[in-house]
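Engineer: My questions will all concern the structure given below.
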Amino acid sequence: MAFALLDWLPLFVYFALLGVLTLRRKYAGHHAGDEAGFLLSGRRLTLPAFVATLVATWYGGILGVGEFTYLAGISQWLMFAFPYYVFAVLYAVFIAGKIREGSALTLPEALRQQYGPKTGLAGAFGVFLLVNPAPYILMLGIIAQLVTGADSWFWFAAAVALFSTVYVSLGGFASVVRTDLLQLVLMYGGFVMLLAFAWQAAGSPAEMWTQLPESHTDITGGFSAVYILVWFFIAMWTFVDPGFHQRSAAAASPAVARRGILISVGFWAVFDMLTVLTGLYALVLLGPALESPAAAYPELAALLLPAGLFGLFITGLVAVIMSTLDSFLFIAGQTLGRDVFPGSVKGAGFLGNRIARIRAGTLAAALLGLALAFVFPSVIELWYVIGSLIIPALLLPVLGIYLPFFRMRPKAALAAIIAAFSLSLFWLVMGVATGDSLFSYAWLGIEPFYPGLAAAVLIFAADRIQKQPSIC
């Protein structure tokens, strides 16, 4: 699958354009010391820019999507697409506008305003884990190995992660938005191109469908209802996703935030159709014995596309991953530099400035992501683990910020975060310790997501009962 000389051209042009866009937009729309400008582009994000940046950043795990489609067929749509549409629509209707009307610039700040500094700090640590860039750094490394044949992915992934750190640190959220516009075009264009070549090689989707095994045309993929339900719960990630919060807070108005998410759902549905069909074509054209299912999309592109166009498709894959990588790096950096250490640091020199601390936090997140990328071998497993630990902990306290029904007293909110995380982690460790393989997470036949969520719900219910006025 090694690159021809012509294949390198689109990749070089892509990185050059990222650099140009960053330099042109450095501090665009804000001053160097303007925190709202640096974090949210002055809260003036227009509808087209809102849609472009939200759509692009939601698909960073593209190799994991290809792996799941190749292995399990259309059930990928049931677990990784449909539930996210549902929760995104609910987010748009009930939450997005309220975020824009509020004063909090970040999700941990909103938790701090509602529940106090301890809950805000606990939430900040949860957000940092949620946006860890390790899986996206790992995917960039996988692509580098595929196209270069190198034994190690580390140096390429490190170079790209540090490049992303630089342009995000220079331009802040404005750089993320501007580069997402370019990445959006590449991600859609690349998959439309590959799907067209696959259609020509294997016939129409209807003809291709008849060549698929029964497991790949079953909407459940043969998975149990309990397993599928866990992925539906994990899709509640939307409610606690700091990227959704960031973009809603940056919108020019509450209406832009609401409409932008609803329009984005339509774009996601189109892209999901492209990725599912392309993954199914990969199974038909490559056969069921692919050594690395995570490489299904690149392997199909290597089989079908001529030199130059193959490089263009790989550039599109890199763009999909980097759109999420730069967003997560920036959020992780601001979480460390602003929400974990919210106050000013007197006499700290460079780090006495909050924006400087955000930049330092972004670099620290990149270095930590590089280290963790060695530990977790599967993107899908990492999504599952992080989702099972963090979503039960943050879900009810975050919903309580914007929906009064879910609101708890500060001590209860903090207890819910700590108890849910701790119980899910305990359950996960016991599952691994007693299971048949390293990635057997269910202990006593129960996935770790459920005990954590149950703990949070019980604390929420007890708090509701205690707040009810007694009847004499």
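Letters A, B, ... go to the chains of the structure tokens in the order shown; residues in each chain start at 1; ligands are counted from 1 in the same order.
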Extract, using only C-alpha atoms, all DNA, RNA and protein residues at most 12 Å from Leu195 of chain A, discarding same-chain residues fewer than 2 positions from it, and format them as a VMD selection string.
Structural biologist: chain A and resid 188 to 193 197 to 205 271 273 to 282 297 300 to 301 304 to 305 313
Engineer: With N, CA, C and O atoms retained, could you export that selection as a tab-separated table (two decimals), in the first residue's frame?
Structural biologist:
```
chain	number	residue	atom	x	y	z
A	188	TYR	N	-15.86	14.52	2.90
A	188	TYR	CA	-16.97	14.12	2.03
A	188	TYR	C	-16.48	13.78	0.64
A	188	TYR	O	-16.88	12.76	0.05
A	189	GLY	N	-15.60	14.62	0.09
A	189	GLY	CA	-15.11	14.38	-1.26
A	189	GLY	C	-14.37	13.07	-1.38
A	189	GLY	O	-14.54	12.34	-2.38
A	190	GLY	N	-13.57	12.71	-0.38
A	190	GLY	CA	-12.81	11.47	-0.44
A	190	GLY	C	-13.71	10.24	-0.47
A	190	GLY	O	-13.48	9.31	-1.25
A	191	PHE	N	-14.75	10.22	0.35
A	191	PHE	CA	-15.63	9.05	0.40
A	191	PHE	C	-16.55	8.99	-0.81
A	191	PHE	O	-16.87	7.88	-1.28
A	192	VAL	N	-17.00	10.11	-1.32
A	192	VAL	CA	-17.79	10.09	-2.55
A	192	VAL	C	-16.96	9.51	-3.68
A	192	VAL	O	-17.43	8.67	-4.48
A	193	MET	N	-15.71	9.91	-3.77
A	193	MET	CA	-14.82	9.41	-4.82
A	193	MET	C	-14.60	7.90	-4.69
A	193	MET	O	-14.74	7.15	-5.66
A	197	PHE	N	-15.81	4.63	-7.28
A	197	PHE	CA	-14.93	3.60	-7.85
A	197	PHE	C	-15.39	2.21	-7.42
A	197	PHE	O	-15.32	1.25	-8.20
A	198	ALA	N	-15.84	2.06	-6.16
A	198	ALA	CA	-16.31	0.77	-5.68
A	198	ALA	C	-17.58	0.34	-6.41
A	198	ALA	O	-17.76	-0.83	-6.75
A	199	TRP	N	-18.45	1.29	-6.66
A	199	TRP	CA	-19.70	1.03	-7.39
A	199	TRP	C	-19.36	0.49	-8.78
A	199	TRP	O	-19.96	-0.48	-9.25
A	200	GLN	N	-18.39	1.11	-9.42
A	200	GLN	CA	-17.99	0.68	-10.75
A	200	GLN	C	-17.36	-0.72	-10.73
A	200	GLN	O	-17.56	-1.53	-11.64
A	201	ALA	N	-16.64	-1.03	-9.66
A	201	ALA	CA	-15.94	-2.31	-9.59
A	201	ALA	C	-16.84	-3.48	-9.20
A	201	ALA	O	-16.65	-4.60	-9.69
A	202	ALA	N	-17.81	-3.25	-8.32
A	202	ALA	CA	-18.61	-4.34	-7.77
A	202	ALA	C	-20.10	-4.23	-8.08
A	202	ALA	O	-20.89	-5.03	-7.58
A	203	GLY	N	-20.48	-3.24	-8.88
A	203	GLY	CA	-21.88	-3.08	-9.19
A	203	GLY	C	-22.58	-2.14	-8.23
A	203	GLY	O	-21.98	-1.62	-7.29
A	204	SER	N	-23.85	-1.95	-8.44
A	204	SER	CA	-24.65	-1.04	-7.62
A	204	SER	C	-24.76	-1.56	-6.20
A	204	SER	O	-24.49	-2.75	-5.93
A	205	PRO	N	-25.18	-0.71	-5.26
A	205	PRO	CA	-25.38	-1.20	-3.89
A	205	PRO	C	-26.35	-2.38	-3.81
A	205	PRO	O	-26.14	-3.29	-2.98
A	271	PHE	N	-23.17	11.33	5.58
A	271	PHE	CA	-21.83	10.76	5.70
A	271	PHE	C	-21.89	9.33	6.22
A	271	PHE	O	-21.09	8.47	5.80
A	273	MET	N	-24.19	7.18	5.55
A	273	MET	CA	-24.54	6.38	4.39
A	273	MET	C	-23.29	6.08	3.55
A	273	MET	O	-23.07	4.95	3.10
A	274	LEU	N	-22.44	7.09	3.38
A	274	LEU	CA	-21.21	6.90	2.61
A	274	LEU	C	-20.27	5.89	3.29
A	274	LEU	O	-19.71	5.01	2.63
A	275	THR	N	-20.11	6.03	4.60
A	275	THR	CA	-19.16	5.15	5.30
A	275	THR	C	-19.67	3.72	5.39
A	275	THR	O	-18.89	2.76	5.26
A	276	VAL	N	-20.97	3.53	5.61
A	276	VAL	CA	-21.52	2.18	5.68
A	276	VAL	C	-21.39	1.48	4.32
A	276	VAL	O	-20.91	0.34	4.23
A	277	LEU	N	-21.81	2.14	3.25
A	277	LEU	CA	-21.73	1.53	1.92
A	277	LEU	C	-20.28	1.21	1.56
A	277	LEU	O	-19.98	0.15	1.02
A	278	THR	N	-19.38	2.13	1.85
A	278	THR	CA	-17.98	1.91	1.52
A	278	THR	C	-17.41	0.75	2.32
A	278	THR	O	-16.64	-0.08	1.79
A	279	GLY	N	-17.77	0.62	3.58
A	279	GLY	CA	-17.32	-0.51	4.39
A	279	GLY	C	-17.85	-1.84	3.88
A	279	GLY	O	-17.13	-2.85	3.90
A	280	LEU	N	-19.09	-1.86	3.41
A	280	LEU	CA	-19.65	-3.09	2.85
A	280	LEU	C	-18.97	-3.46	1.54
A	280	LEU	O	-18.69	-4.65	1.28
A	281	TYR	N	-18.69	-2.47	0.70
A	281	TYR	CA	-17.94	-2.73	-0.53
A	281	TYR	C	-16.54	-3.28	-0.20
A	281	TYR	O	-16.01	-4.13	-0.92
A	282	ALA	N	-15.94	-2.80	0.89
A	282	ALA	CA	-14.63	-3.29	1.28
A	282	ALA	C	-14.67	-4.79	1.56
A	282	ALA	O	-13.76	-5.54	1.17
A	297	TYR	N	-10.84	0.83	4.92
A	297	TYR	CA	-10.97	1.94	3.97
A	297	TYR	C	-9.67	2.19	3.20
A	297	TYR	O	-9.69	2.29	1.96
A	300	LEU	N	-9.11	-0.65	0.65
A	300	LEU	CA	-10.01	-0.55	-0.51
A	300	LEU	C	-9.54	0.56	-1.45
A	300	LEU	O	-9.57	0.39	-2.68
A	301	ALA	N	-9.11	1.67	-0.90
A	301	ALA	CA	-8.62	2.77	-1.72
A	301	ALA	C	-7.36	2.36	-2.49
A	301	ALA	O	-7.21	2.68	-3.68
A	304	LEU	N	-8.44	0.23	-5.51
A	304	LEU	CA	-9.26	0.80	-6.58
A	304	LEU	C	-8.74	2.10	-7.18
A	304	LEU	O	-9.00	2.38	-8.36
A	305	LEU	N	-8.06	2.92	-6.39
A	305	LEU	CA	-7.75	4.28	-6.85
A	305	LEU	C	-6.37	4.36	-7.49
A	305	LEU	O	-5.41	3.76	-7.01
A	313	PHE	N	-7.47	10.47	-1.24
A	313	PHE	CA	-8.36	9.82	-0.28
A	313	PHE	C	-7.69	9.70	1.08
A	313	PHE	O	-8.32	9.95	2.12
```
Engineer: For segment 422-434 of chain A, work out the shell of residues within 10 Å, counting only C-alpha atoms and skipping chain neighbours fewer than 2 positions away, then give it as an NGL selection string.
Structural biologist: :A and (385-386 or 388-390 or 392-393 or 416-420 or 436-456)
Engineer: Quick one: residues within 10 Å of Ala412 of chain A, only C-alpha atoms, excluding same-chain residues fewer than 2 positions away - as a ChimeraX atom specification?
Structural biologist: /A:115,119,397,407-410,414-418,456,459-464
Engineer: Segment 155-162 of chain A: which residues within 7 Å, counting only C-alpha atoms, same-chain residues fewer than 4 positions away excluded, as number ranges by chain?
Structural biologist: A: 137, 140-141, 144, 166, 366, 370
Engineer: Can you write out the residues you just picked, keeping C-alpha atoms, as an mmCIF file, in the first residue's frame?
Structural biologist:
```cif
data_model
loop_
_atom_site.group_PDB
_atom_site.id
_atom_site.type_symbol
_atom_site.label_atom_id
_atom_site.label_comp_id
_atom_site.auth_asym_id
_atom_site.auth_seq_id
_atom_site.Cartn_x
_atom_site.Cartn_y
_atom_site.Cartn_z
ATOM 1 C CA ILE A 137 -2.991 10.074 17.442
ATOM 2 C CA LEU A 140 -2.750 8.810 12.385
ATOM 3 C CA GLY A 141 0.075 6.442 13.238
ATOM 4 C CA ALA A 144 1.423 6.381 8.447
ATOM 5 C CA VAL A 166 1.044 24.682 17.232
ATOM 6 C CA ALA A 366 -0.591 16.100 23.102
ATOM 7 C CA LEU A 370 1.170 10.123 22.560
#
```
Engineer: I'd like to know which of A:Val89, A:Leu290, A:Val176, A:Leu47 is closest to Leu329 of chain A, using only C-alpha atoms.
Structural biologist: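 The shortest atom-to-atom distance to Leu329 of chain A comes from A:Val176.
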Engineer: At a cut-off of 9 Å, using only C-alpha atoms, what residues contact Phe239 of chain A? Leave out same-chain residues fewer than 3 positions from it and give the result as a PDB file with all heavy atoms, in the first residue's frame.
Structural biologist:
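As a result, selection-v9.pdb now contains:
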```
ATOM      1  N   PHE A  87     -30.108  11.835  20.191  1.00  0.00           N
ATOM      2  CA  PHE A  87     -29.651  12.674  21.298  1.00  0.00           C
ATOM      3  C   PHE A  87     -29.182  14.044  20.814  1.00  0.00           C
ATOM      4  O   PHE A  87     -29.284  15.028  21.560  1.00  0.00           O
ATOM      5  CB  PHE A  87     -28.560  11.954  22.081  1.00  0.00           C
ATOM      6  CG  PHE A  87     -29.065  10.721  22.795  1.00  0.00           C
ATOM      7  CD1 PHE A  87     -28.526   9.482  22.538  1.00  0.00           C
ATOM      8  CD2 PHE A  87     -30.111  10.817  23.705  1.00  0.00           C
ATOM      9  CE1 PHE A  87     -29.001   8.349  23.184  1.00  0.00           C
ATOM     10  CE2 PHE A  87     -30.600   9.696  24.352  1.00  0.00           C
ATOM     11  CZ  PHE A  87     -30.039   8.452  24.093  1.00  0.00           C
ATOM     12  N   ALA A  88     -28.695  14.125  19.582  1.00  0.00           N
ATOM     13  CA  ALA A  88     -28.331  15.435  19.040  1.00  0.00           C
ATOM     14  C   ALA A  88     -29.570  16.309  18.851  1.00  0.00           C
ATOM     15  O   ALA A  88     -29.539  17.515  19.134  1.00  0.00           O
ATOM     16  CB  ALA A  88     -27.590  15.275  17.712  1.00  0.00           C
ATOM     17  N   LEU A  90     -32.384  16.073  20.573  1.00  0.00           N
ATOM     18  CA  LEU A  90     -32.798  16.471  21.923  1.00  0.00           C
ATOM     19  C   LEU A  90     -31.909  17.585  22.462  1.00  0.00           C
ATOM     20  O   LEU A  90     -32.389  18.515  23.116  1.00  0.00           O
ATOM     21  CB  LEU A  90     -32.761  15.258  22.859  1.00  0.00           C
ATOM     22  CG  LEU A  90     -33.790  14.158  22.572  1.00  0.00           C
ATOM     23  CD1 LEU A  90     -33.553  12.961  23.486  1.00  0.00           C
ATOM     24  CD2 LEU A  90     -35.208  14.680  22.737  1.00  0.00           C
ATOM     25  N   TYR A  91     -30.610  17.490  22.184  1.00  0.00           N
ATOM     26  CA  TYR A  91     -29.674  18.527  22.615  1.00  0.00           C
ATOM     27  C   TYR A  91     -30.037  19.856  21.972  1.00  0.00           C
ATOM     28  O   TYR A  91     -30.024  20.908  22.636  1.00  0.00           O
ATOM     29  CB  TYR A  91     -28.254  18.107  22.221  1.00  0.00           C
ATOM     30  CG  TYR A  91     -27.141  18.884  22.885  1.00  0.00           C
ATOM     31  CD1 TYR A  91     -26.472  18.364  23.981  1.00  0.00           C
ATOM     32  CD2 TYR A  91     -26.732  20.121  22.406  1.00  0.00           C
ATOM     33  CE1 TYR A  91     -25.428  19.046  24.591  1.00  0.00           C
ATOM     34  CE2 TYR A  91     -25.694  20.820  23.007  1.00  0.00           C
ATOM     35  CZ  TYR A  91     -25.052  20.280  24.100  1.00  0.00           C
ATOM     36  OH  TYR A  91     -24.024  20.968  24.689  1.00  0.00           O
ATOM     37  N   ILE A  95     -31.228  22.069  25.026  1.00  0.00           N
ATOM     38  CA  ILE A  95     -30.018  22.500  25.717  1.00  0.00           C
ATOM     39  C   ILE A  95     -29.235  23.577  24.983  1.00  0.00           C
ATOM     40  O   ILE A  95     -28.761  24.538  25.609  1.00  0.00           O
ATOM     41  CB  ILE A  95     -29.101  21.272  25.984  1.00  0.00           C
ATOM     42  CG1 ILE A  95     -29.823  20.274  26.897  1.00  0.00           C
ATOM     43  CG2 ILE A  95     -27.777  21.699  26.594  1.00  0.00           C
ATOM     44  CD1 ILE A  95     -29.039  18.997  27.159  1.00  0.00           C
ATOM     45  N   ALA A 235     -24.233   6.740  23.588  1.00  0.00           N
ATOM     46  CA  ALA A 235     -24.565   7.855  22.696  1.00  0.00           C
ATOM     47  C   ALA A 235     -25.020   9.083  23.481  1.00  0.00           C
ATOM     48  O   ALA A 235     -25.048  10.194  22.926  1.00  0.00           O
ATOM     49  CB  ALA A 235     -25.647   7.443  21.697  1.00  0.00           C
ATOM     50  N   MET A 236     -25.364   8.905  24.758  1.00  0.00           N
ATOM     51  CA  MET A 236     -25.647  10.061  25.606  1.00  0.00           C
ATOM     52  C   MET A 236     -24.393  10.914  25.815  1.00  0.00           C
ATOM     53  O   MET A 236     -24.475  11.988  26.417  1.00  0.00           O
ATOM     54  CB  MET A 236     -26.202   9.608  26.964  1.00  0.00           C
ATOM     55  CG  MET A 236     -27.569   9.005  26.896  1.00  0.00           C
ATOM     56  SD  MET A 236     -28.180   8.544  28.549  1.00  0.00           S
ATOM     57  CE  MET A 236     -29.779   7.851  28.132  1.00  0.00           C
ATOM     58  N   PRO A 242     -17.958  18.107  25.482  1.00  0.00           N
ATOM     59  CA  PRO A 242     -17.549  19.505  25.588  1.00  0.00           C
ATOM     60  C   PRO A 242     -17.446  20.204  24.234  1.00  0.00           C
ATOM     61  O   PRO A 242     -17.515  21.421  24.168  1.00  0.00           O
ATOM     62  CB  PRO A 242     -16.178  19.419  26.275  1.00  0.00           C
ATOM     63  CG  PRO A 242     -15.693  18.046  25.987  1.00  0.00           C
ATOM     64  CD  PRO A 242     -16.900  17.171  25.915  1.00  0.00           C
ATOM     65  N   PHE A 244     -19.712  19.894  21.770  1.00  0.00           N
ATOM     66  CA  PHE A 244     -21.064  20.421  21.564  1.00  0.00           C
ATOM     67  C   PHE A 244     -21.265  21.689  22.384  1.00  0.00           C
ATOM     68  O   PHE A 244     -21.836  22.672  21.912  1.00  0.00           O
ATOM     69  CB  PHE A 244     -22.102  19.362  21.962  1.00  0.00           C
ATOM     70  CG  PHE A 244     -22.601  18.525  20.832  1.00  0.00           C
ATOM     71  CD1 PHE A 244     -21.799  17.560  20.253  1.00  0.00           C
ATOM     72  CD2 PHE A 244     -23.878  18.685  20.339  1.00  0.00           C
ATOM     73  CE1 PHE A 244     -22.253  16.772  19.211  1.00  0.00           C
ATOM     74  CE2 PHE A 244     -24.354  17.907  19.301  1.00  0.00           C
ATOM     75  CZ  PHE A 244     -23.535  16.940  18.733  1.00  0.00           C
ATOM     76  N   HIS A 245     -20.822  21.622  23.644  1.00  0.00           N
ATOM     77  CA  HIS A 245     -20.987  22.791  24.521  1.00  0.00           C
ATOM     78  C   HIS A 245     -20.199  23.971  23.975  1.00  0.00           C
ATOM     79  O   HIS A 245     -20.710  25.106  23.928  1.00  0.00           O
ATOM     80  CB  HIS A 245     -20.508  22.452  25.933  1.00  0.00           C
ATOM     81  CG  HIS A 245     -20.793  23.506  26.943  1.00  0.00           C
ATOM     82  ND1 HIS A 245     -20.031  24.660  27.053  1.00  0.00           N
ATOM     83  CD2 HIS A 245     -21.760  23.614  27.893  1.00  0.00           C
ATOM     84  CE1 HIS A 245     -20.513  25.412  28.021  1.00  0.00           C
ATOM     85  NE2 HIS A 245     -21.550  24.801  28.554  1.00  0.00           N
ATOM     86  N   ILE A 391     -19.474   8.956  31.151  1.00  0.00           N
ATOM     87  CA  ILE A 391     -20.859   9.383  30.887  1.00  0.00           C
ATOM     88  C   ILE A 391     -21.769   9.165  32.090  1.00  0.00           C
ATOM     89  O   ILE A 391     -22.537  10.072  32.450  1.00  0.00           O
ATOM     90  CB  ILE A 391     -21.401   8.686  29.628  1.00  0.00           C
ATOM     91  CG1 ILE A 391     -20.599   9.135  28.413  1.00  0.00           C
ATOM     92  CG2 ILE A 391     -22.880   9.027  29.413  1.00  0.00           C
ATOM     93  CD1 ILE A 391     -20.873   8.343  27.172  1.00  0.00           C
ATOM     94  N   LEU A 394     -21.015  12.114  34.570  1.00  0.00           N
ATOM     95  CA  LEU A 394     -21.320  13.501  34.226  1.00  0.00           C
ATOM     96  C   LEU A 394     -22.760  13.737  33.766  1.00  0.00           C
ATOM     97  O   LEU A 394     -23.233  14.876  33.783  1.00  0.00           O
ATOM     98  CB  LEU A 394     -20.366  13.978  33.111  1.00  0.00           C
ATOM     99  CG  LEU A 394     -18.890  14.129  33.469  1.00  0.00           C
ATOM    100  CD1 LEU A 394     -18.116  14.694  32.275  1.00  0.00           C
ATOM    101  CD2 LEU A 394     -18.707  15.046  34.668  1.00  0.00           C
ATOM    102  N   LEU A 395     -23.450  12.680  33.343  1.00  0.00           N
ATOM    103  CA  LEU A 395     -24.729  12.867  32.654  1.00  0.00           C
ATOM    104  C   LEU A 395     -25.741  13.678  33.460  1.00  0.00           C
ATOM    105  O   LEU A 395     -26.218  14.724  33.002  1.00  0.00           O
ATOM    106  CB  LEU A 395     -25.310  11.505  32.285  1.00  0.00           C
ATOM    107  CG  LEU A 395     -26.637  11.546  31.519  1.00  0.00           C
ATOM    108  CD1 LEU A 395     -26.478  12.284  30.198  1.00  0.00           C
ATOM    109  CD2 LEU A 395     -27.158  10.127  31.293  1.00  0.00           C
ATOM    110  N   VAL A 398     -24.646  17.374  34.438  1.00  0.00           N
ATOM    111  CA  VAL A 398     -24.646  18.284  33.279  1.00  0.00           C
ATOM    112  C   VAL A 398     -26.071  18.603  32.842  1.00  0.00           C
ATOM    113  O   VAL A 398     -26.402  19.765  32.570  1.00  0.00           O
ATOM    114  CB  VAL A 398     -23.842  17.670  32.117  1.00  0.00           C
ATOM    115  CG1 VAL A 398     -24.040  18.481  30.840  1.00  0.00           C
ATOM    116  CG2 VAL A 398     -22.355  17.621  32.468  1.00  0.00           C
ATOM    117  N   LEU A 399     -26.928  17.595  32.790  1.00  0.00           N
ATOM    118  CA  LEU A 399     -28.327  17.865  32.440  1.00  0.00           C
ATOM    119  C   LEU A 399     -28.960  18.827  33.440  1.00  0.00           C
ATOM    120  O   LEU A 399     -29.783  19.677  33.068  1.00  0.00           O
ATOM    121  CB  LEU A 399     -29.119  16.559  32.394  1.00  0.00           C
ATOM    122  CG  LEU A 399     -28.833  15.614  31.220  1.00  0.00           C
ATOM    123  CD1 LEU A 399     -29.640  14.328  31.366  1.00  0.00           C
ATOM    124  CD2 LEU A 399     -29.169  16.284  29.885  1.00  0.00           C
TER     125      LEU A 399
END
```
Engineer: Which is closest to Ala81 of chain A among A:Phe12, A:Trp58, A:Tyr402, A:Phe38, if we use only C-alpha atoms?
Structural biologist: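 With only C-alpha atoms as the atom set, the closest residue is A:Trp58.
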Engineer: Within 6 Å of segment 218-232 of chain A, counting only C-alpha atoms, which residues qualify if same-chain residues fewer than 6 places away don't, as a VMD selection string?
Structural biologist: chain A and resid 72 74 to 75 79 83
